[in-house]
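Engineer: Below you'll find data-v3.pdb; it's PDB, C-alpha atoms, pLDDT in the B column.
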MODEL        1
ATOM      1  CA  MET A   1     -14.821  11.407 -27.377  1.00 54.00           C
ATOM      2  CA  THR A   2     -12.196  10.975 -30.111  1.00 54.00           C
ATOM      3  CA  ASN A   3     -10.109  13.790 -28.636  1.00 57.00           C
ATOM      4  CA  GLY A   4     -10.266  12.138 -25.210  1.00 59.00           C
ATOM      5  CA  TRP A   5      -9.180   8.804 -26.640  1.00 65.00           C
ATOM      6  CA  MET A   6      -6.319  10.420 -28.542  1.00 64.00           C
ATOM      7  CA  SER A   7      -5.256  12.378 -25.463  1.00 66.00           C
ATOM      8  CA  GLY A   8      -5.130   9.166 -23.417  1.00 68.00           C
ATOM      9  CA  PHE A   9      -3.219   7.366 -26.164  1.00 70.00           C
ATOM     10  CA  ASN A  10      -0.695  10.227 -26.372  1.00 76.00           C
ATOM     11  CA  ARG A  11      -0.136  10.109 -22.604  1.00 79.00           C
ATOM     12  CA  ILE A  12       0.494   6.359 -22.772  1.00 79.00           C
ATOM     13  CA  CYS A  13       2.989   6.834 -25.605  1.00 79.00           C
ATOM     14  CA  GLU A  14       4.679   9.628 -23.663  1.00 81.00           C
ATOM     15  CA  TRP A  15       5.107   7.430 -20.596  1.00 80.00           C
ATOM     16  CA  ILE A  16       6.410   4.545 -22.700  1.00 83.00           C
ATOM     17  CA  ALA A  17       8.989   6.893 -24.226  1.00 86.00           C
ATOM     18  CA  ARG A  18       9.962   8.245 -20.794  1.00 87.00           C
ATOM     19  CA  LEU A  19      10.433   4.797 -19.278  1.00 89.00           C
ATOM     20  CA  ALA A  20      12.378   3.567 -22.299  1.00 90.00           C
ATOM     21  CA  TYR A  21      14.632   6.642 -22.173  1.00 91.00           C
ATOM     22  CA  VAL A  22      15.490   6.355 -18.477  1.00 94.00           C
ATOM     23  CA  ASN A  23      16.009   2.609 -18.874  1.00 93.00           C
ATOM     24  CA  VAL A  24      18.591   3.271 -21.597  1.00 92.00           C
ATOM     25  CA  LEU A  25      20.207   5.885 -19.328  1.00 94.00           C
ATOM     26  CA  TRP A  26      20.336   3.318 -16.518  1.00 94.00           C
ATOM     27  CA  LEU A  27      22.058   0.814 -18.803  1.00 92.00           C
ATOM     28  CA  CYS A  28      24.526   3.394 -20.142  1.00 93.00           C
ATOM     29  CA  PHE A  29      25.492   4.750 -16.734  1.00 93.00           C
ATOM     30  CA  THR A  30      25.804   1.230 -15.338  1.00 93.00           C
ATOM     31  CA  ILE A  31      28.291   0.506 -18.121  1.00 92.00           C
ATOM     32  CA  LEU A  32      29.977   3.859 -17.431  1.00 89.00           C
ATOM     33  CA  GLY A  33      30.630   2.650 -13.894  1.00 86.00           C
ATOM     34  CA  LEU A  34      32.062  -0.619 -15.267  1.00 84.00           C
ATOM     35  CA  PHE A  35      28.902  -2.452 -14.183  1.00 85.00           C
ATOM     36  CA  ILE A  36      29.948  -3.315 -10.625  1.00 90.00           C
ATOM     37  CA  CYS A  37      30.513   0.343  -9.666  1.00 92.00           C
ATOM     38  CA  GLY A  38      27.708   1.699 -11.823  1.00 92.00           C
ATOM     39  CA  ILE A  39      24.658  -0.280 -10.752  1.00 94.00           C
ATOM     40  CA  GLY A  40      24.231   1.460  -7.382  1.00 95.00           C
ATOM     41  CA  PRO A  41      24.467   5.117  -8.454  1.00 96.00           C
ATOM     42  CA  ALA A  42      22.598   4.449 -11.721  1.00 96.00           C
ATOM     43  CA  THR A  43      19.725   2.850  -9.789  1.00 95.00           C
ATOM     44  CA  VAL A  44      19.623   5.720  -7.291  1.00 96.00           C
ATOM     45  CA  SER A  45      19.521   8.187 -10.208  1.00 96.00           C
ATOM     46  CA  LEU A  46      16.707   6.226 -11.855  1.00 96.00           C
ATOM     47  CA  PHE A  47      14.612   6.275  -8.682  1.00 96.00           C
ATOM     48  CA  SER A  48      15.332   9.982  -8.237  1.00 95.00           C
ATOM     49  CA  ILE A  49      13.931  10.718 -11.706  1.00 95.00           C
ATOM     50  CA  ILE A  50      10.835   8.593 -11.062  1.00 94.00           C
ATOM     51  CA  ARG A  51      10.277  10.299  -7.705  1.00 94.00           C
ATOM     52  CA  LYS A  52      10.247  13.679  -9.462  1.00 93.00           C
ATOM     53  CA  TRP A  53       7.607  12.392 -11.880  1.00 92.00           C
ATOM     54  CA  LEU A  54       5.467  11.171  -9.009  1.00 91.00           C
ATOM     55  CA  GLN A  55       5.782  14.614  -7.434  1.00 90.00           C
ATOM     56  CA  LYS A  56       4.280  16.022 -10.642  1.00 85.00           C
ATOM     57  CA  GLU A  57       7.576  17.510 -11.794  1.00 82.00           C
ATOM     58  CA  ALA A  58       7.824  17.191 -15.550  1.00 75.00           C
ATOM     59  CA  ASP A  59       9.722  20.211 -16.813  1.00 81.00           C
ATOM     60  CA  PHE A  60      13.275  19.245 -15.944  1.00 88.00           C
ATOM     61  CA  PRO A  61      16.212  17.976 -18.051  1.00 91.00           C
ATOM     62  CA  ILE A  62      16.204  14.210 -17.559  1.00 92.00           C
ATOM     63  CA  PHE A  63      19.735  13.512 -18.767  1.00 94.00           C
ATOM     64  CA  LYS A  64      21.287  16.360 -16.776  1.00 93.00           C
ATOM     65  CA  THR A  65      19.358  15.400 -13.634  1.00 94.00           C
ATOM     66  CA  PHE A  66      20.377  11.757 -14.043  1.00 95.00           C
ATOM     67  CA  TRP A  67      24.034  12.700 -14.550  1.00 95.00           C
ATOM     68  CA  LEU A  68      24.153  15.109 -11.584  1.00 95.00           C
ATOM     69  CA  SER A  69      22.540  12.513  -9.316  1.00 94.00           C
ATOM     70  CA  PHE A  70      24.956   9.840 -10.555  1.00 95.00           C
ATOM     71  CA  LYS A  71      27.974  12.019  -9.699  1.00 94.00           C
ATOM     72  CA  LYS A  72      26.624  13.243  -6.381  1.00 94.00           C
ATOM     73  CA  GLU A  73      25.574   9.828  -5.072  1.00 94.00           C
ATOM     74  CA  PHE A  74      28.373   7.758  -6.625  1.00 95.00           C
ATOM     75  CA  VAL A  75      30.279   6.967  -3.424  1.00 94.00           C
ATOM     76  CA  LYS A  76      27.334   6.627  -1.054  1.00 95.00           C
ATOM     77  CA  ALA A  77      25.233   4.617  -3.515  1.00 95.00           C
ATOM     78  CA  ASN A  78      28.157   2.241  -4.070  1.00 96.00           C
ATOM     79  CA  LEU A  79      28.540   1.767  -0.318  1.00 96.00           C
ATOM     80  CA  LEU A  80      24.890   0.796  -0.214  1.00 96.00           C
ATOM     81  CA  PHE A  81      25.147  -1.497  -3.228  1.00 96.00           C
ATOM     82  CA  PHE A  82      28.281  -3.277  -2.000  1.00 96.00           C
ATOM     83  CA  SER A  83      26.725  -3.782   1.432  1.00 96.00           C
ATOM     84  CA  LEU A  84      23.754  -5.457  -0.279  1.00 96.00           C
ATOM     85  CA  LEU A  85      26.106  -7.517  -2.433  1.00 96.00           C
ATOM     86  CA  PHE A  86      28.141  -8.572   0.615  1.00 96.00           C
ATOM     87  CA  ILE A  87      25.020  -9.754   2.452  1.00 96.00           C
ATOM     88  CA  THR A  88      23.880 -11.612  -0.664  1.00 96.00           C
ATOM     89  CA  ILE A  89      27.210 -13.467  -0.827  1.00 96.00           C
ATOM     90  CA  ILE A  90      27.008 -14.312   2.877  1.00 95.00           C
ATOM     91  CA  LEU A  91      23.493 -15.675   2.425  1.00 95.00           C
ATOM     92  CA  TYR A  92      24.630 -17.780  -0.542  1.00 95.00           C
ATOM     93  CA  VAL A  93      27.523 -19.234   1.466  1.00 94.00           C
ATOM     94  CA  ASP A  94      25.146 -19.966   4.332  1.00 92.00           C
ATOM     95  CA  TRP A  95      22.760 -21.702   1.938  1.00 93.00           C
ATOM     96  CA  VAL A  96      25.540 -23.936   0.618  1.00 92.00           C
ATOM     97  CA  LEU A  97      26.638 -24.808   4.161  1.00 91.00           C
ATOM     98  CA  ILE A  98      23.089 -25.576   5.255  1.00 91.00           C
ATOM     99  CA  GLN A  99      22.667 -27.974   2.342  1.00 88.00           C
ATOM    100  CA  SER A 100      25.622 -29.968   3.658  1.00 86.00           C
ATOM    101  CA  MET A 101      24.020 -30.358   7.102  1.00 84.00           C
ATOM    102  CA  THR A 102      21.835 -33.251   8.171  1.00 82.00           C
ATOM    103  CA  GLY A 103      19.349 -33.964  10.893  1.00 82.00           C
ATOM    104  CA  ILE A 104      17.829 -31.383  13.206  1.00 86.00           C
ATOM    105  CA  LEU A 105      20.596 -28.857  12.562  1.00 85.00           C
ATOM    106  CA  HIS A 106      19.674 -28.745   8.891  1.00 85.00           C
ATOM    107  CA  TYR A 107      16.045 -27.826   9.592  1.00 87.00           C
ATOM    108  CA  LEU A 108      16.920 -25.443  12.412  1.00 91.00           C
ATOM    109  CA  PHE A 109      19.387 -23.446  10.338  1.00 90.00           C
ATOM    110  CA  LEU A 110      17.122 -23.660   7.303  1.00 92.00           C
ATOM    111  CA  MET A 111      14.312 -22.011   9.273  1.00 93.00           C
ATOM    112  CA  VAL A 112      16.620 -19.249  10.482  1.00 93.00           C
ATOM    113  CA  PHE A 113      17.948 -18.793   6.952  1.00 94.00           C
ATOM    114  CA  ALA A 114      14.410 -18.492   5.532  1.00 94.00           C
ATOM    115  CA  ILE A 115      13.540 -15.745   8.029  1.00 94.00           C
ATOM    116  CA  VAL A 116      16.746 -13.793   7.380  1.00 95.00           C
ATOM    117  CA  ALA A 117      16.415 -14.194   3.597  1.00 94.00           C
ATOM    118  CA  PHE A 118      12.820 -12.961   3.744  1.00 94.00           C
ATOM    119  CA  LEU A 119      13.773  -9.878   5.765  1.00 95.00           C
ATOM    120  CA  PHE A 120      16.652  -9.158   3.414  1.00 95.00           C
ATOM    121  CA  SER A 121      14.323  -9.471   0.411  1.00 94.00           C
ATOM    122  CA  VAL A 122      12.022  -6.878   1.990  1.00 95.00           C
ATOM    123  CA  ILE A 123      15.003  -4.566   2.465  1.00 95.00           C
ATOM    124  CA  VAL A 124      16.046  -4.960  -1.185  1.00 95.00           C
ATOM    125  CA  LEU A 125      12.527  -4.084  -2.360  1.00 94.00           C
ATOM    126  CA  TYR A 126      12.375  -0.797  -0.463  1.00 95.00           C
ATOM    127  CA  ILE A 127      15.959   0.347   0.068  1.00 95.00           C
ATOM    128  CA  PHE A 128      16.281   2.484  -3.071  1.00 96.00           C
ATOM    129  CA  PRO A 129      12.917   4.274  -2.663  1.00 95.00           C
ATOM    130  CA  VAL A 130      13.902   4.959   0.957  1.00 95.00           C
ATOM    131  CA  TYR A 131      17.309   6.196  -0.202  1.00 96.00           C
ATOM    132  CA  VAL A 132      15.883   8.846  -2.540  1.00 94.00           C
ATOM    133  CA  GLN A 133      13.107   9.830  -0.128  1.00 92.00           C
ATOM    134  CA  PHE A 134      15.083  10.324   3.094  1.00 90.00           C
ATOM    135  CA  GLU A 135      18.461  11.554   4.241  1.00 88.00           C
ATOM    136  CA  GLY A 136      20.507   9.275   6.475  1.00 88.00           C
ATOM    137  CA  ASP A 137      23.274   6.727   6.726  1.00 91.00           C
ATOM    138  CA  ILE A 138      23.317   3.175   5.387  1.00 92.00           C
ATOM    139  CA  PHE A 139      22.031   1.713   8.654  1.00 92.00           C
ATOM    140  CA  HIS A 140      19.129   4.191   8.624  1.00 93.00           C
ATOM    141  CA  TYR A 141      18.155   3.061   5.124  1.00 94.00           C
ATOM    142  CA  TYR A 142      18.203  -0.606   6.152  1.00 95.00           C
ATOM    143  CA  LYS A 143      16.110   0.055   9.235  1.00 93.00           C
ATOM    144  CA  SER A 144      13.594   2.258   7.407  1.00 92.00           C
ATOM    145  CA  ALA A 145      13.255  -0.181   4.496  1.00 94.00           C
ATOM    146  CA  ILE A 146      12.437  -3.123   6.730  1.00 94.00           C
ATOM    147  CA  LEU A 147      10.009  -1.087   8.861  1.00 93.00           C
ATOM    148  CA  VAL A 148       8.153   0.127   5.781  1.00 93.00           C
ATOM    149  CA  GLY A 149       8.020  -3.343   4.239  1.00 93.00           C
ATOM    150  CA  ILE A 150       6.879  -5.186   7.350  1.00 93.00           C
ATOM    151  CA  SER A 151       4.294  -2.506   8.163  1.00 92.00           C
ATOM    152  CA  HIS A 152       2.632  -2.838   4.750  1.00 92.00           C
ATOM    153  CA  PRO A 153       2.596  -6.582   3.920  1.00 92.00           C
ATOM    154  CA  ILE A 154       0.011  -6.386   1.118  1.00 93.00           C
ATOM    155  CA  ARG A 155       1.925  -3.716  -0.782  1.00 92.00           C
ATOM    156  CA  THR A 156       5.165  -5.578  -0.155  1.00 93.00           C
ATOM    157  CA  PHE A 157       3.584  -8.703  -1.622  1.00 93.00           C
ATOM    158  CA  MET A 158       2.442  -6.684  -4.658  1.00 92.00           C
ATOM    159  CA  ILE A 159       5.971  -5.382  -5.238  1.00 91.00           C
ATOM    160  CA  GLY A 160       7.453  -8.865  -4.839  1.00 90.00           C
ATOM    161  CA  LEU A 161       4.931 -10.299  -7.309  1.00 91.00           C
ATOM    162  CA  ALA A 162       5.700  -7.490  -9.758  1.00 89.00           C
ATOM    163  CA  GLY A 163       9.410  -8.271  -9.445  1.00 87.00           C
ATOM    164  CA  ILE A 164       8.892 -11.952 -10.228  1.00 88.00           C
ATOM    165  CA  THR A 165       6.604 -11.074 -13.158  1.00 88.00           C
ATOM    166  CA  ASN A 166       9.176  -8.608 -14.496  1.00 84.00           C
ATOM    167  CA  ILE A 167      11.931 -11.243 -14.378  1.00 83.00           C
ATOM    168  CA  LEU A 168       9.750 -13.774 -16.211  1.00 87.00           C
ATOM    169  CA  ILE A 169       8.826 -11.238 -18.910  1.00 84.00           C
ATOM    170  CA  CYS A 170      12.489 -10.319 -19.431  1.00 81.00           C
ATOM    171  CA  LEU A 171      13.419 -14.008 -19.703  1.00 82.00           C
ATOM    172  CA  ILE A 172      10.661 -14.679 -22.228  1.00 85.00           C
ATOM    173  CA  LEU A 173      11.179 -11.390 -24.115  1.00 81.00           C
ATOM    174  CA  PRO A 174      14.837 -10.347 -23.748  1.00 78.00           C
ATOM    175  CA  GLY A 175      14.176  -7.201 -25.780  1.00 77.00           C
ATOM    176  CA  ALA A 176      11.845  -5.969 -23.052  1.00 74.00           C
ATOM    177  CA  ALA A 177      14.771  -5.934 -20.622  1.00 75.00           C
ATOM    178  CA  ILE A 178      16.543  -3.338 -22.756  1.00 75.00           C
ATOM    179  CA  VAL A 179      13.476  -1.126 -23.041  1.00 77.00           C
ATOM    180  CA  PHE A 180      11.654  -1.522 -19.716  1.00 79.00           C
ATOM    181  CA  GLY A 181      13.521  -4.153 -17.695  1.00 81.00           C
ATOM    182  CA  CYS A 182      14.600  -1.845 -14.881  1.00 89.00           C
ATOM    183  CA  SER A 183      12.594   1.348 -15.371  1.00 90.00           C
ATOM    184  CA  GLY A 184       9.185  -0.350 -15.515  1.00 88.00           C
ATOM    185  CA  LEU A 185       9.715  -2.265 -12.291  1.00 89.00           C
ATOM    186  CA  SER A 186      11.373   0.719 -10.614  1.00 93.00           C
ATOM    187  CA  TYR A 187       8.388   2.905 -11.456  1.00 92.00           C
ATOM    188  CA  PHE A 188       5.987   0.406  -9.901  1.00 91.00           C
ATOM    189  CA  VAL A 189       8.169   0.008  -6.791  1.00 93.00           C
ATOM    190  CA  MET A 190       8.563   3.774  -6.388  1.00 94.00           C
ATOM    191  CA  TYR A 191       4.848   4.351  -6.996  1.00 93.00           C
ATOM    192  CA  ILE A 192       3.857   1.946  -4.221  1.00 93.00           C
ATOM    193  CA  SER A 193       6.607   3.198  -1.907  1.00 93.00           C
ATOM    194  CA  TYR A 194       5.766   6.844  -2.511  1.00 92.00           C
ATOM    195  CA  SER A 195       2.124   6.194  -1.659  1.00 91.00           C
ATOM    196  CA  ILE A 196       3.307   4.716   1.664  1.00 91.00           C
ATOM    197  CA  PHE A 197       5.592   7.678   2.355  1.00 89.00           C
ATOM    198  CA  SER A 198       2.771  10.117   1.574  1.00 86.00           C
ATOM    199  CA  GLN A 199       0.364   8.209   3.812  1.00 84.00           C
ATOM    200  CA  VAL A 200       2.857   8.195   6.690  1.00 75.00           C
ATOM    201  CA  SER A 201       3.509  11.917   6.169  1.00 69.00           C
ATOM    202  CA  ASP A 202      -0.227  12.713   6.145  1.00 58.00           C
ATOM    203  CA  ASN A 203      -0.790  10.665   9.315  1.00 57.00           C
ATOM    204  CA  ALA A 204       2.077  12.433  11.063  1.00 49.00           C
ATOM    205  CA  LYS A 205       0.723  15.818   9.959  1.00 47.00           C
ATOM    206  CA  PHE A 206      -2.752  14.888  11.213  1.00 35.00           C
ATOM    207  CA  LYS A 207      -1.366  13.860  14.606  1.00 45.00           C
ATOM    208  CA  ASN A 208       0.641  17.068  14.910  1.00 44.00           C
ATOM    209  CA  GLU A 209      -2.412  19.164  14.036  1.00 41.00           C
ATOM    210  CA  GLY A 210      -4.431  17.232  16.617  1.00 38.00           C
ATOM    211  CA  LYS A 211      -1.839  17.948  19.305  1.00 35.00           C
ATOM    212  CA  ALA A 212      -1.832  21.625  18.325  1.00 38.00           C
ATOM    213  CA  ILE A 213      -5.621  21.785  18.677  1.00 33.00           C
ATOM    214  CA  GLU A 214      -5.501  20.036  22.054  1.00 38.00           C
ATOM    215  CA  GLY A 215      -2.803  22.450  23.169  1.00 39.00           C
TER     216      GLY A 215
ENDMDL
END
Mind converting the file's structure to structure tokens?
Structural biologist:
Amino acid sequence: MTNGWMSGFNRICEWIARLAYVNVLWLCFTILGLFICGIGPATVSLFSIIRKWLQKEADFPIFKTFWLSFKKEFVKANLLFFSLLFITIILYVDWVLIQSMTGILHYLFLMVFAIVAFLFSVIVLYIFPVYVQFEGDIFHYYKSAILVGISHPIRTFMIGLAGITNILICLILPGAAIVFGCSGLSYFVMYISYSIFSQVSDNAKFKNEGKAIEG
């Protein structure tokens, strides 16, 4: 019983160390890209590492894998990040303009804004897991992210709640942001997303096997 407890405790410590390490790597590589050009590729690299862990891959050099992913995806990941940033700016400008409106137009545009902002939030939650899971162009990632999010509302709600909780924890305990601020949330997001991808893959495989049997 003692050995089992110690084994569980060691696994927890190992995962804490892993998440802290990749979080520091994310911060360092974000700085390496001068922040604005580093966030996208660093985040893609972080999700790539977490995806390998979820696939039960453990014996690989974390730093080297992170660095190779950062270099390989630098341009494409930045295109994705700047597209997200551009939409965010557009939404902010729209919000400011809507606040200056009065009457029926205010409520009409506010309703449209709420719908668009919600859909964009869903995209932001899933876009990086989709990026590291599938090959495609930027439009493909947007489309896949929104389809996955809308198709699984409960899991999307869980991820959104985890994001809000993570922000509150980092505001209350700033030190936590340095250790687990990005990696902890990214692990949870990738864990939920990967379970969806696996479920979709299993369903597709089941359908294909059914067609083969019928044939």
Engineer: Using the chain letters and numbers from this file, what does the PyMOL selection byres ((chain A and resi 133-145) around 10) select? Give the answer as number ranges by chain.
Structural biologist: A: 47-48, 51, 76-77, 79-81, 83-84, 119-120, 122-132, 146-151, 190, 193-194, 197
Engineer: Fewer than 4 positions away in the same chain doesn't count, so skip those; otherwise give me all residues within 9 Å of Ile196 of chain A, counting only C-alpha atoms, as a list in words.
Structural biologist: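 Near neighbours after the sequence-gap exclusion: Val148, His152, Arg155, Tyr191, Ile192, Val200 and Ser201 of chain A.
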Engineer: For this structure, which residues satisfy the selection - the PyMOL selection byres ((chain A and resi 24-37) around 12) - when it is evaluated on the file as given? I want them as an NGL selection string.
Structural biologist: :A and (17-23 or 38-49 or 62-71 or 73-82 or 85 or 176-184 or 186)
Engineer: Could you please determine the separation between atom CA of Arg11 of chain A and atom CA of Gln199 of chain A in Å, to one decimal place?
Structural biologist: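 Value for the atom CA of Arg11 of chain A-atom CA of Gln199 of chain A distance: 26.5 Å.
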Engineer: So what do you get for atom CA of Gly103 of chain A versus atom CA of Ile87 of chain A, distance-wise?
Structural biologist: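 Going from atom CA of Gly103 of chain A over to atom CA of Ile87 of chain A covers 26.3 Å.
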Engineer: Which one is closest to Leu97 of chain A: A:Trp53, A:Phe157, A:Tyr187, A:Phe113? Count all atoms listed in the file.
Structural biologist: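 That would be A:Phe113, the residue with the smallest distance to Leu97 of chain A.
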Engineer: By how many Å are atom CA of Ala162 of chain A and atom CA of Phe9 of chain A apart?
Structural biologist: 23.9 Å
Engineer: Padding 5 Å on each side, edges along x, y and z: where is the centre of the box around the listed atoms of segment 117-129 of chain A, and how long are its edges in Å to one decimal? Output it as AutoDock Vina command-line options.
Structural biologist:
--center_x 14.3 --center_y -5.0 --center_z 1.3 --size_x 14.6 --size_y 28.5 --size_z 18.8
Engineer: Point out the residue among A:Ala58, A:Val116, A:Ile154, A:Leu110 with the least atom-to-atom distance to Val96 of chain A, counting all atoms listed in the file.
Structural biologist: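 Of the candidates, the smallest distance to Val96 of chain A is held by A:Leu110.
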Engineer: Where atoms are missing, can you supply all heavy atoms for segment 188-197 of chain A and output the lot as a compact mmCIF listing (two decimals), keeping the file's coordinate frame?
Structural biologist:
# COMPACT_ATOMS: atom_id res chain seq x y z
N PHE A 188 7.01 1.05 -10.72
CA PHE A 188 5.99 0.41 -9.90
C PHE A 188 6.40 0.39 -8.42
O PHE A 188 5.60 0.71 -7.54
CB PHE A 188 5.74 -1.02 -10.39
CG PHE A 188 4.65 -1.74 -9.64
CD1 PHE A 188 3.32 -1.51 -9.96
CD2 PHE A 188 4.94 -2.63 -8.62
CE1 PHE A 188 2.30 -2.16 -9.26
CE2 PHE A 188 3.95 -3.27 -7.91
CZ PHE A 188 2.62 -3.04 -8.24
N VAL A 189 7.66 0.04 -8.17
CA VAL A 189 8.17 0.01 -6.79
C VAL A 189 8.11 1.40 -6.16
O VAL A 189 7.67 1.57 -5.02
CB VAL A 189 9.62 -0.53 -6.76
CG1 VAL A 189 10.21 -0.38 -5.36
CG2 VAL A 189 9.65 -2.00 -7.19
N MET A 190 8.56 2.41 -6.91
CA MET A 190 8.56 3.77 -6.39
C MET A 190 7.15 4.30 -6.21
O MET A 190 6.86 5.03 -5.26
CB MET A 190 9.36 4.69 -7.32
CG MET A 190 9.67 6.06 -6.73
SD MET A 190 10.80 5.95 -5.31
CE MET A 190 10.14 7.23 -4.25
N TYR A 191 6.25 3.93 -7.10
CA TYR A 191 4.85 4.35 -7.00
C TYR A 191 4.22 3.83 -5.71
O TYR A 191 3.58 4.58 -4.96
CB TYR A 191 4.07 3.86 -8.21
CG TYR A 191 2.60 4.24 -8.19
CD1 TYR A 191 2.20 5.49 -8.69
CD2 TYR A 191 1.64 3.38 -7.69
CE1 TYR A 191 0.86 5.85 -8.67
CE2 TYR A 191 0.30 3.74 -7.66
CZ TYR A 191 -0.08 4.97 -8.14
OH TYR A 191 -1.42 5.32 -8.12
N ILE A 192 4.40 2.55 -5.44
CA ILE A 192 3.86 1.95 -4.22
C ILE A 192 4.54 2.55 -2.99
O ILE A 192 3.88 2.91 -2.00
CB ILE A 192 4.04 0.42 -4.22
CG1 ILE A 192 3.26 -0.22 -5.38
CG2 ILE A 192 3.60 -0.18 -2.90
CD1 ILE A 192 1.77 -0.08 -5.28
N SER A 193 5.85 2.67 -3.05
CA SER A 193 6.61 3.20 -1.91
C SER A 193 6.23 4.65 -1.63
O SER A 193 6.05 5.04 -0.47
CB SER A 193 8.12 3.10 -2.17
OG SER A 193 8.51 1.77 -2.40
N TYR A 194 6.09 5.43 -2.69
CA TYR A 194 5.77 6.84 -2.51
C TYR A 194 4.38 7.02 -1.91
O TYR A 194 4.15 7.95 -1.12
CB TYR A 194 5.86 7.57 -3.85
CG TYR A 194 5.80 9.07 -3.73
CD1 TYR A 194 6.89 9.79 -3.23
CD2 TYR A 194 4.66 9.79 -4.10
CE1 TYR A 194 6.85 11.17 -3.10
CE2 TYR A 194 4.61 11.17 -3.97
CZ TYR A 194 5.71 11.84 -3.47
OH TYR A 194 5.66 13.21 -3.34
N SER A 195 3.47 6.14 -2.26
CA SER A 195 2.12 6.19 -1.66
C SER A 195 2.20 5.90 -0.16
O SER A 195 1.46 6.50 0.63
CB SER A 195 1.19 5.19 -2.35
OG SER A 195 1.56 3.85 -2.06
N ILE A 196 3.11 5.01 0.24
CA ILE A 196 3.31 4.72 1.66
C ILE A 196 3.91 5.92 2.37
O ILE A 196 3.46 6.33 3.44
CB ILE A 196 4.20 3.47 1.85
CG1 ILE A 196 3.52 2.22 1.30
CG2 ILE A 196 4.55 3.28 3.33
CD1 ILE A 196 4.39 0.98 1.31
N PHE A 197 4.94 6.51 1.75
CA PHE A 197 5.59 7.68 2.36
C PHE A 197 4.60 8.83 2.53
O PHE A 197 4.60 9.50 3.55
CB PHE A 197 6.76 8.14 1.48
CG PHE A 197 7.82 7.10 1.26
CD1 PHE A 197 8.57 7.08 0.09
CD2 PHE A 197 8.07 6.12 2.21
CE1 PHE A 197 9.54 6.12 -0.12
CE2 PHE A 197 9.05 5.15 2.01
CZ PHE A 197 9.78 5.16 0.84
